[in-house]
Amino acid sequence: MISTARELFNQQFSEQKYQDFLADLDREYHYHIPFRVAETPVFVGKEFKQKLLRASEEIIDFLVQPDFKQSMKGAVPSALQVPNDDDHTLFLALDFAVCTEIGSDELVPRLIEIQGFPSLFGYQDFLGNKFRQHYAIPENLNFHFGENSDRYWQRLRKAIVQHHDPENVILLEIDPLKQNTAIDFLVTRQHLGIEPVHIGDLKIRGRKLFYPKEGNEIPVHRIYNRVIFDELLQRSDLVTDFHLTEDVDVSWAGHPNWFFRISKYTMPFLKSNAVPESRFLSDVINIPDDLENYVLKPLFSFSGSGVIFDVTRNDIEAIPEERRKDFLVQRKVHYEPVVQSPNGLVKTEIRLLFLWDEGVARPQLVTNLARLSRGDIIGVKYNKDKTWVGGTICFME
C-alpha cells in the first residue's frame with residue numbers, strides 16, 4: 001500500500017467531509033445508495049499491483065484453454081441451460097484478498113471468488129471520479145487501467161450495446177430499481193442509454209421479446225443480463241411471461257451460462273500459488289482434522305449467503321451425500337489489515353474487472369472495486385455498525 005497517498009488522504013479526512021461525499025453520491029442520481037460506502041479508497045503501489053496482475057494472468061491461462069468450456073459443462077444445471085451460448089464469457093471478476101502467509105510479512109494476493117458475470121462497471125467509474133472531486137489524490141494513481149472515463153465508457157458501449165440502437169438493448173434484472181445495486185443501473189442508463197427492465201415486464205411473441213416503454217412495446221435485440229439464478233429461483237412469487245431458458249431471438253451481453261461455468265465451481269481446477277486449496281465436498285474422503293482452517297461454501301450462492309466460516313464436522317455431516325457436489329471446501333487465507341484508518345488497520349479485498357471482447361484472445365483488465373472489513377468475512381452485512389468498512393475502489397500506481 002502507498003503510505004504517502006494514505007497520509008495525504010487521512011490528513012484531508014473528516015467526518016463532515018465524508019458525510020458531504022455521501023450526500024453528493026446520493027444527489028447525483030436522486031437516489032439514496034443503500035449499501036455502505038467506505039470512507040476511503042485503497043491506494044495500491046506498483047509492487048502489489050504487479051502481484052495482482054501476475055496472479056490474474058495465471059488464472060486466465062486456464063480460462064482461455066480451448067477445452068475450457070467443455071471441461072466446465074458439469075457446472076451448468078441441466079434445467080437452467082440457456083440457449084444461444086457463446087464461445088467465452090464477456091465479463092470476468094477476480095476477487096483477491098490482501099494476505100500474508102504464516103511466518104511471513106510479505107503481502108500476497110489470494111483468490112477468494114471468481115465470476116463470469118458483470119459487476120458494478122458503471123458505479124465504479126462514478127465512485128472513483130467522486131473521490132477525485134472531494135479529495136486531492138495523486139495524479140499518478142488511477143482506478144481504470146489504461147483508460148480515462150470517456151474511453152472506458154466507449155469500451156463498455158462496444159461490449160454491451162455493440163452495433164444496436166440502445167433502445168433495443170436492456171439491462172435485465174429482477175425489480176432492478178429495488179436492488180441494492182440500483183445505483184449501478186442508473187449510472188449505466190445515463191452513459192449507455194439502456195433501460196433497466198424487470199424480467200416480469202418482458203413479453204414474448206414467438207421468438208421475439210418486447211419491453212414496455214411509454215405505452216409502447218419496444219423490441220429487445222440484446223440483453224445485458226444482471227439476473228442471478230439463485231435469486232430468481234427463490235422468488236416463488238414472481239410471475240413472468242418470459243423464462244431465461246427459452247430460445248429467443250436475442251444476443252447476450254453476459255450469457256447466463258457463464259455465471260455457472262466461471263464461479264466457485266472453477267476453483268478446484270485452478271493451479272496457481274494465488275489460489276487457496278479448494279475441493280468439492282463430494283471429493284473429500286476424510287474430513288480434515290483442522291477444520292478451523294477451512295470454510296464451507298455453496299457453489300452458486302451470491303454475496304456470501306450460505307457460507308459457513310467456522311465450519312464443524314456436524315455442518316459437513318448434515319449435508320446429504322447427493323448434495324455434496326454443490327459445496328466447496330476452501331482453505332482459509334489470512335487477511336492482513338493494511339489500510340490505515342484513524343482507529344486501527346482494516347482488511348481489504350480487491351476485485352479486478354475484465355472485459356473479454358469478441359475476437360480478442362484474452363480478457364482485458366479495465367477497472368476494479370474494493371471492499372474494506374473489520375470482520376472475519378468481507379461484506380457489508382458482516383460489518384454492521386463499524387466505520388471505515390464497506391464498498392470502495394482502488395487507486396493504483
# chains A, B, ... in the order shown; residues from 1 in each chain; ligands from 1

call {"tool": "residues_around", "arguments": {"residues": "Phe48 in chain A", "least_positions_apart": "2", "cutoff": "8 Å", "atoms": "only C-alpha atoms", "output": "JSON, numbers by chain"}}
result
{"A": [1, 44, 45, 46, 50, 51, 52, 107, 108]}

call {"tool": "closest_residue", "arguments": {"among": "A:Gly359, A:Pro288, A:Pro256, A:Pro337", "to": "Phe117 in chain A", "atoms": "only C-alpha atoms"}}
result
A:Pro256

call {"tool": "select_by_dssp", "arguments": {"residues": "range 9-173 of chain A", "states": "alpha helix (DSSP H)", "output": "PyMOL selection string"}}
result
chain A and resi 9-12+15-28+46-63+68-71+121-134+149-160

call {"tool": "write_last_selection", "arguments": {"atoms": "C-alpha atoms", "output": "PDB file, in the first residue's frame"}}
result
ATOM      1  CA  PHE A   9      -5.868  11.278   2.272  1.00  0.00           C
ATOM      2  CA  ASN A  10      -6.120  10.861   6.039  1.00  0.00           C
ATOM      3  CA  GLN A  11      -4.952  14.427   6.603  1.00  0.00           C
ATOM      4  CA  GLN A  12      -7.867  15.638   4.483  1.00  0.00           C
ATOM      5  CA  GLU A  15     -16.495  13.013   9.363  1.00  0.00           C
ATOM      6  CA  GLN A  16     -18.205  16.095   7.910  1.00  0.00           C
ATOM      7  CA  LYS A  17     -16.263  15.732   4.661  1.00  0.00           C
ATOM      8  CA  TYR A  18     -17.323  12.076   4.492  1.00  0.00           C
ATOM      9  CA  GLN A  19     -20.991  12.992   5.016  1.00  0.00           C
ATOM     10  CA  ASP A  20     -20.724  15.635   2.288  1.00  0.00           C
ATOM     11  CA  PHE A  21     -19.214  12.994  -0.006  1.00  0.00           C
ATOM     12  CA  LEU A  22     -22.105  10.584   0.662  1.00  0.00           C
ATOM     13  CA  ALA A  23     -24.656  13.335   0.117  1.00  0.00           C
ATOM     14  CA  ASP A  24     -23.065  14.156  -3.231  1.00  0.00           C
ATOM     15  CA  LEU A  25     -23.219  10.476  -4.291  1.00  0.00           C
ATOM     16  CA  ASP A  26     -26.927  10.379  -3.437  1.00  0.00           C
ATOM     17  CA  ARG A  27     -27.711  13.732  -5.025  1.00  0.00           C
ATOM     18  CA  GLU A  28     -26.270  12.982  -8.470  1.00  0.00           C
ATOM     19  CA  LYS A  46       3.420  -0.886  -8.173  1.00  0.00           C
ATOM     20  CA  GLU A  47       4.782  -3.933  -6.385  1.00  0.00           C
ATOM     21  CA  PHE A  48       1.453  -5.289  -5.163  1.00  0.00           C
ATOM     22  CA  LYS A  49      -0.258  -4.281  -8.411  1.00  0.00           C
ATOM     23  CA  GLN A  50       2.225  -6.460 -10.303  1.00  0.00           C
ATOM     24  CA  LYS A  51       1.436  -9.374  -7.977  1.00  0.00           C
ATOM     25  CA  LEU A  52      -2.269  -8.926  -8.732  1.00  0.00           C
ATOM     26  CA  LEU A  53      -1.597  -8.857 -12.472  1.00  0.00           C
ATOM     27  CA  ARG A  54       0.631 -11.958 -12.368  1.00  0.00           C
ATOM     28  CA  ALA A  55      -1.937 -13.895 -10.351  1.00  0.00           C
ATOM     29  CA  SER A  56      -4.690 -12.858 -12.785  1.00  0.00           C
ATOM     30  CA  GLU A  57      -2.704 -13.983 -15.813  1.00  0.00           C
ATOM     31  CA  GLU A  58      -2.060 -17.403 -14.246  1.00  0.00           C
ATOM     32  CA  ILE A  59      -5.798 -17.845 -13.688  1.00  0.00           C
ATOM     33  CA  ILE A  60      -6.706 -16.543 -17.143  1.00  0.00           C
ATOM     34  CA  ASP A  61      -4.232 -19.012 -18.681  1.00  0.00           C
ATOM     35  CA  PHE A  62      -6.643 -21.745 -17.593  1.00  0.00           C
ATOM     36  CA  LEU A  63      -9.791 -19.921 -18.732  1.00  0.00           C
ATOM     37  CA  PHE A  68     -12.319 -24.911 -21.020  1.00  0.00           C
ATOM     38  CA  LYS A  69     -15.998 -24.661 -21.960  1.00  0.00           C
ATOM     39  CA  GLN A  70     -16.268 -28.425 -22.442  1.00  0.00           C
ATOM     40  CA  SER A  71     -14.434 -29.188 -19.207  1.00  0.00           C
ATOM     41  CA  PHE A 121     -18.833  -1.479 -14.000  1.00  0.00           C
ATOM     42  CA  GLY A 122     -20.885   1.720 -14.114  1.00  0.00           C
ATOM     43  CA  TYR A 123     -20.904   2.651 -10.449  1.00  0.00           C
ATOM     44  CA  GLN A 124     -17.147   2.208 -10.023  1.00  0.00           C
ATOM     45  CA  ASP A 125     -16.426   4.921 -12.588  1.00  0.00           C
ATOM     46  CA  PHE A 126     -18.896   7.197 -10.805  1.00  0.00           C
ATOM     47  CA  LEU A 127     -17.368   6.451  -7.390  1.00  0.00           C
ATOM     48  CA  GLY A 128     -13.753   6.897  -8.493  1.00  0.00           C
ATOM     49  CA  ASN A 129     -14.490  10.273 -10.055  1.00  0.00           C
ATOM     50  CA  LYS A 130     -16.367  11.420  -6.951  1.00  0.00           C
ATOM     51  CA  PHE A 131     -13.370  10.575  -4.743  1.00  0.00           C
ATOM     52  CA  ARG A 132     -11.229  12.735  -7.029  1.00  0.00           C
ATOM     53  CA  GLN A 133     -13.725  15.600  -6.770  1.00  0.00           C
ATOM     54  CA  HIS A 134     -13.739  15.567  -2.983  1.00  0.00           C
ATOM     55  CA  SER A 149     -13.506   7.751 -18.141  1.00  0.00           C
ATOM     56  CA  ASP A 150     -14.508   8.680 -21.693  1.00  0.00           C
ATOM     57  CA  ARG A 151     -12.560   5.821 -23.257  1.00  0.00           C
ATOM     58  CA  TYR A 152     -13.747   3.500 -20.512  1.00  0.00           C
ATOM     59  CA  TRP A 153     -17.389   4.141 -21.423  1.00  0.00           C
ATOM     60  CA  GLN A 154     -16.563   3.666 -25.082  1.00  0.00           C
ATOM     61  CA  ARG A 155     -15.220   0.212 -24.172  1.00  0.00           C
ATOM     62  CA  LEU A 156     -18.379  -0.601 -22.229  1.00  0.00           C
ATOM     63  CA  ARG A 157     -20.574   0.637 -25.083  1.00  0.00           C
ATOM     64  CA  LYS A 158     -18.714  -1.600 -27.539  1.00  0.00           C
ATOM     65  CA  ALA A 159     -19.087  -4.613 -25.228  1.00  0.00           C
ATOM     66  CA  ILE A 160     -22.673  -4.133 -24.046  1.00  0.00           C
TER      67      ILE A 160
END

call {"tool": "closest_residue", "arguments": {"among": "A:Asn180, A:Thr188, A:Asn286, A:Gln330", "to": "Arg313 in chain A", "atoms": "only C-alpha atoms"}}
result
A:Asn286

call {"tool": "closest_residue", "arguments": {"among": "A:Lys325, A:Gly344, A:Ala274, A:Ala5", "to": "Glu139 in chain A", "atoms": "only C-alpha atoms"}}
result
A:Ala5

call {"tool": "closest_residue", "arguments": {"among": "A:Gln115, A:Gln81, A:Thr40, A:Thr240", "to": "Thr348 in chain A", "atoms": "only C-alpha atoms"}}
result
A:Thr40

call {"tool": "atom_distance", "arguments": {"atom1": "CA of Lys347 in chain A", "atom2": "CA of Ala370 in chain A"}}
result
10.4 Å

call {"tool": "closest_residue", "arguments": {"among": "A:Arg110, A:Arg323, A:Lys264, A:His334", "to": "Asn293 in chain A", "atoms": "only C-alpha atoms"}}
result
A:His334

call {"tool": "atom_distance", "arguments": {"atom1": "CA of Thr100 in chain A", "atom2": "CA of Val338 in chain A"}}
result
10.4 Å

call {"tool": "residues_around", "arguments": {"residues": "Glu7 in chain A", "least_positions_apart": "3", "cutoff": "12 Å", "atoms": "only C-alpha atoms", "output": "PDB file with C-alpha atoms, in the first residue's frame"}}
result
ATOM      1  CA  MET A   1       0.000   0.000   0.000  1.00  0.00           C
ATOM      2  CA  ILE A   2       1.211   3.557  -0.692  1.00  0.00           C
ATOM      3  CA  SER A   3       1.960   5.279   2.618  1.00  0.00           C
ATOM      4  CA  THR A   4       2.325   8.783   1.151  1.00  0.00           C
ATOM      5  CA  ASN A  10      -6.120  10.861   6.039  1.00  0.00           C
ATOM      6  CA  GLN A  11      -4.952  14.427   6.603  1.00  0.00           C
ATOM      7  CA  GLN A  12      -7.867  15.638   4.483  1.00  0.00           C
ATOM      8  CA  PHE A  13     -10.468  13.341   6.001  1.00  0.00           C
ATOM      9  CA  THR A  40     -11.650   5.833   1.791  1.00  0.00           C
ATOM     10  CA  VAL A  42      -7.409   1.809  -1.249  1.00  0.00           C
ATOM     11  CA  PHE A  43      -4.034   3.002  -2.544  1.00  0.00           C
ATOM     12  CA  ALA A 136      -6.672  15.566  -3.533  1.00  0.00           C
ATOM     13  CA  ILE A 137      -5.424  12.232  -4.908  1.00  0.00           C
ATOM     14  CA  PRO A 138      -2.028  11.992  -6.662  1.00  0.00           C
ATOM     15  CA  VAL A 339      -5.495   0.166   5.295  1.00  0.00           C
ATOM     16  CA  GLN A 340      -4.699   2.711   7.990  1.00  0.00           C
ATOM     17  CA  SER A 341      -7.836   4.268   9.450  1.00  0.00           C
ATOM     18  CA  PRO A 342      -7.956   6.838  12.270  1.00  0.00           C
TER      19      PRO A 342
END

call {"tool": "closest_residue", "arguments": {"among": "A:Pro41, A:Gly116, A:Pro212, A:Pro219", "to": "Phe354 in chain A", "atoms": "only C-alpha atoms"}}
result
A:Gly116

call {"tool": "select_by_dssp", "arguments": {"residues": "range 191-293 of chain A", "states": "strand (DSSP E or B)", "output": "number ranges by chain"}}
result
A: 195-198, 203-205, 208-213, 216-220, 222-225, 251-253, 278-280

call {"tool": "write_last_selection", "arguments": {"atoms": "C-alpha atoms", "output": "short mmCIF file (atom, residue, chain, number, x, y, z; two decimals), in the first residue's frame"}}
result
data_model
loop_
_atom_site.label_atom_id
_atom_site.label_comp_id
_atom_site.auth_asym_id
_atom_site.auth_seq_id
_atom_site.Cartn_x
_atom_site.Cartn_y
_atom_site.Cartn_z
CA GLU A 195 -33.21 0.80 -19.77
CA PRO A 196 -33.19 -1.32 -16.60
CA VAL A 197 -36.11 -3.71 -17.15
CA HIS A 198 -37.85 -6.01 -14.69
CA LYS A 203 -43.40 -10.05 -23.23
CA ILE A 204 -42.65 -12.90 -25.61
CA ARG A 205 -44.18 -13.16 -29.07
CA LYS A 208 -39.26 -12.12 -30.12
CA LEU A 209 -39.02 -10.21 -26.85
CA PHE A 210 -40.52 -6.82 -26.04
CA TYR A 211 -40.47 -4.45 -23.07
CA PRO A 212 -42.94 -1.67 -22.21
CA LYS A 213 -41.92 1.97 -22.65
CA ASN A 216 -45.40 1.07 -26.45
CA GLU A 217 -43.83 -2.37 -26.82
CA ILE A 218 -40.16 -1.99 -27.76
CA PRO A 219 -38.32 -4.93 -29.40
CA VAL A 220 -35.37 -6.36 -27.48
CA ARG A 222 -29.68 -7.61 -26.86
CA ILE A 223 -29.77 -8.28 -23.11
CA TYR A 224 -27.22 -7.01 -20.59
CA ASN A 225 -28.03 -9.72 -18.09
CA SER A 251 -27.90 -11.79 -28.18
CA TRP A 252 -26.49 -11.67 -24.67
CA ALA A 253 -24.12 -9.19 -23.05
CA SER A 278 -10.20 -25.78 -2.94
CA ARG A 279 -12.08 -29.08 -3.27
CA PHE A 280 -15.62 -30.14 -3.98
#

call {"tool": "atom_distance", "arguments": {"atom1": "CA of Tyr335 in chain A", "atom2": "CA of Pro34 in chain A"}}
result
26.2 Å

call {"tool": "residues_around", "arguments": {"residues": "Phe260 in chain A", "least_positions_apart": "5", "cutoff": "9 Å", "atoms": "only C-alpha atoms", "output": "PyMOL selection string"}}
result
chain A and resi 72+75-77+115-116+265-266+299-300
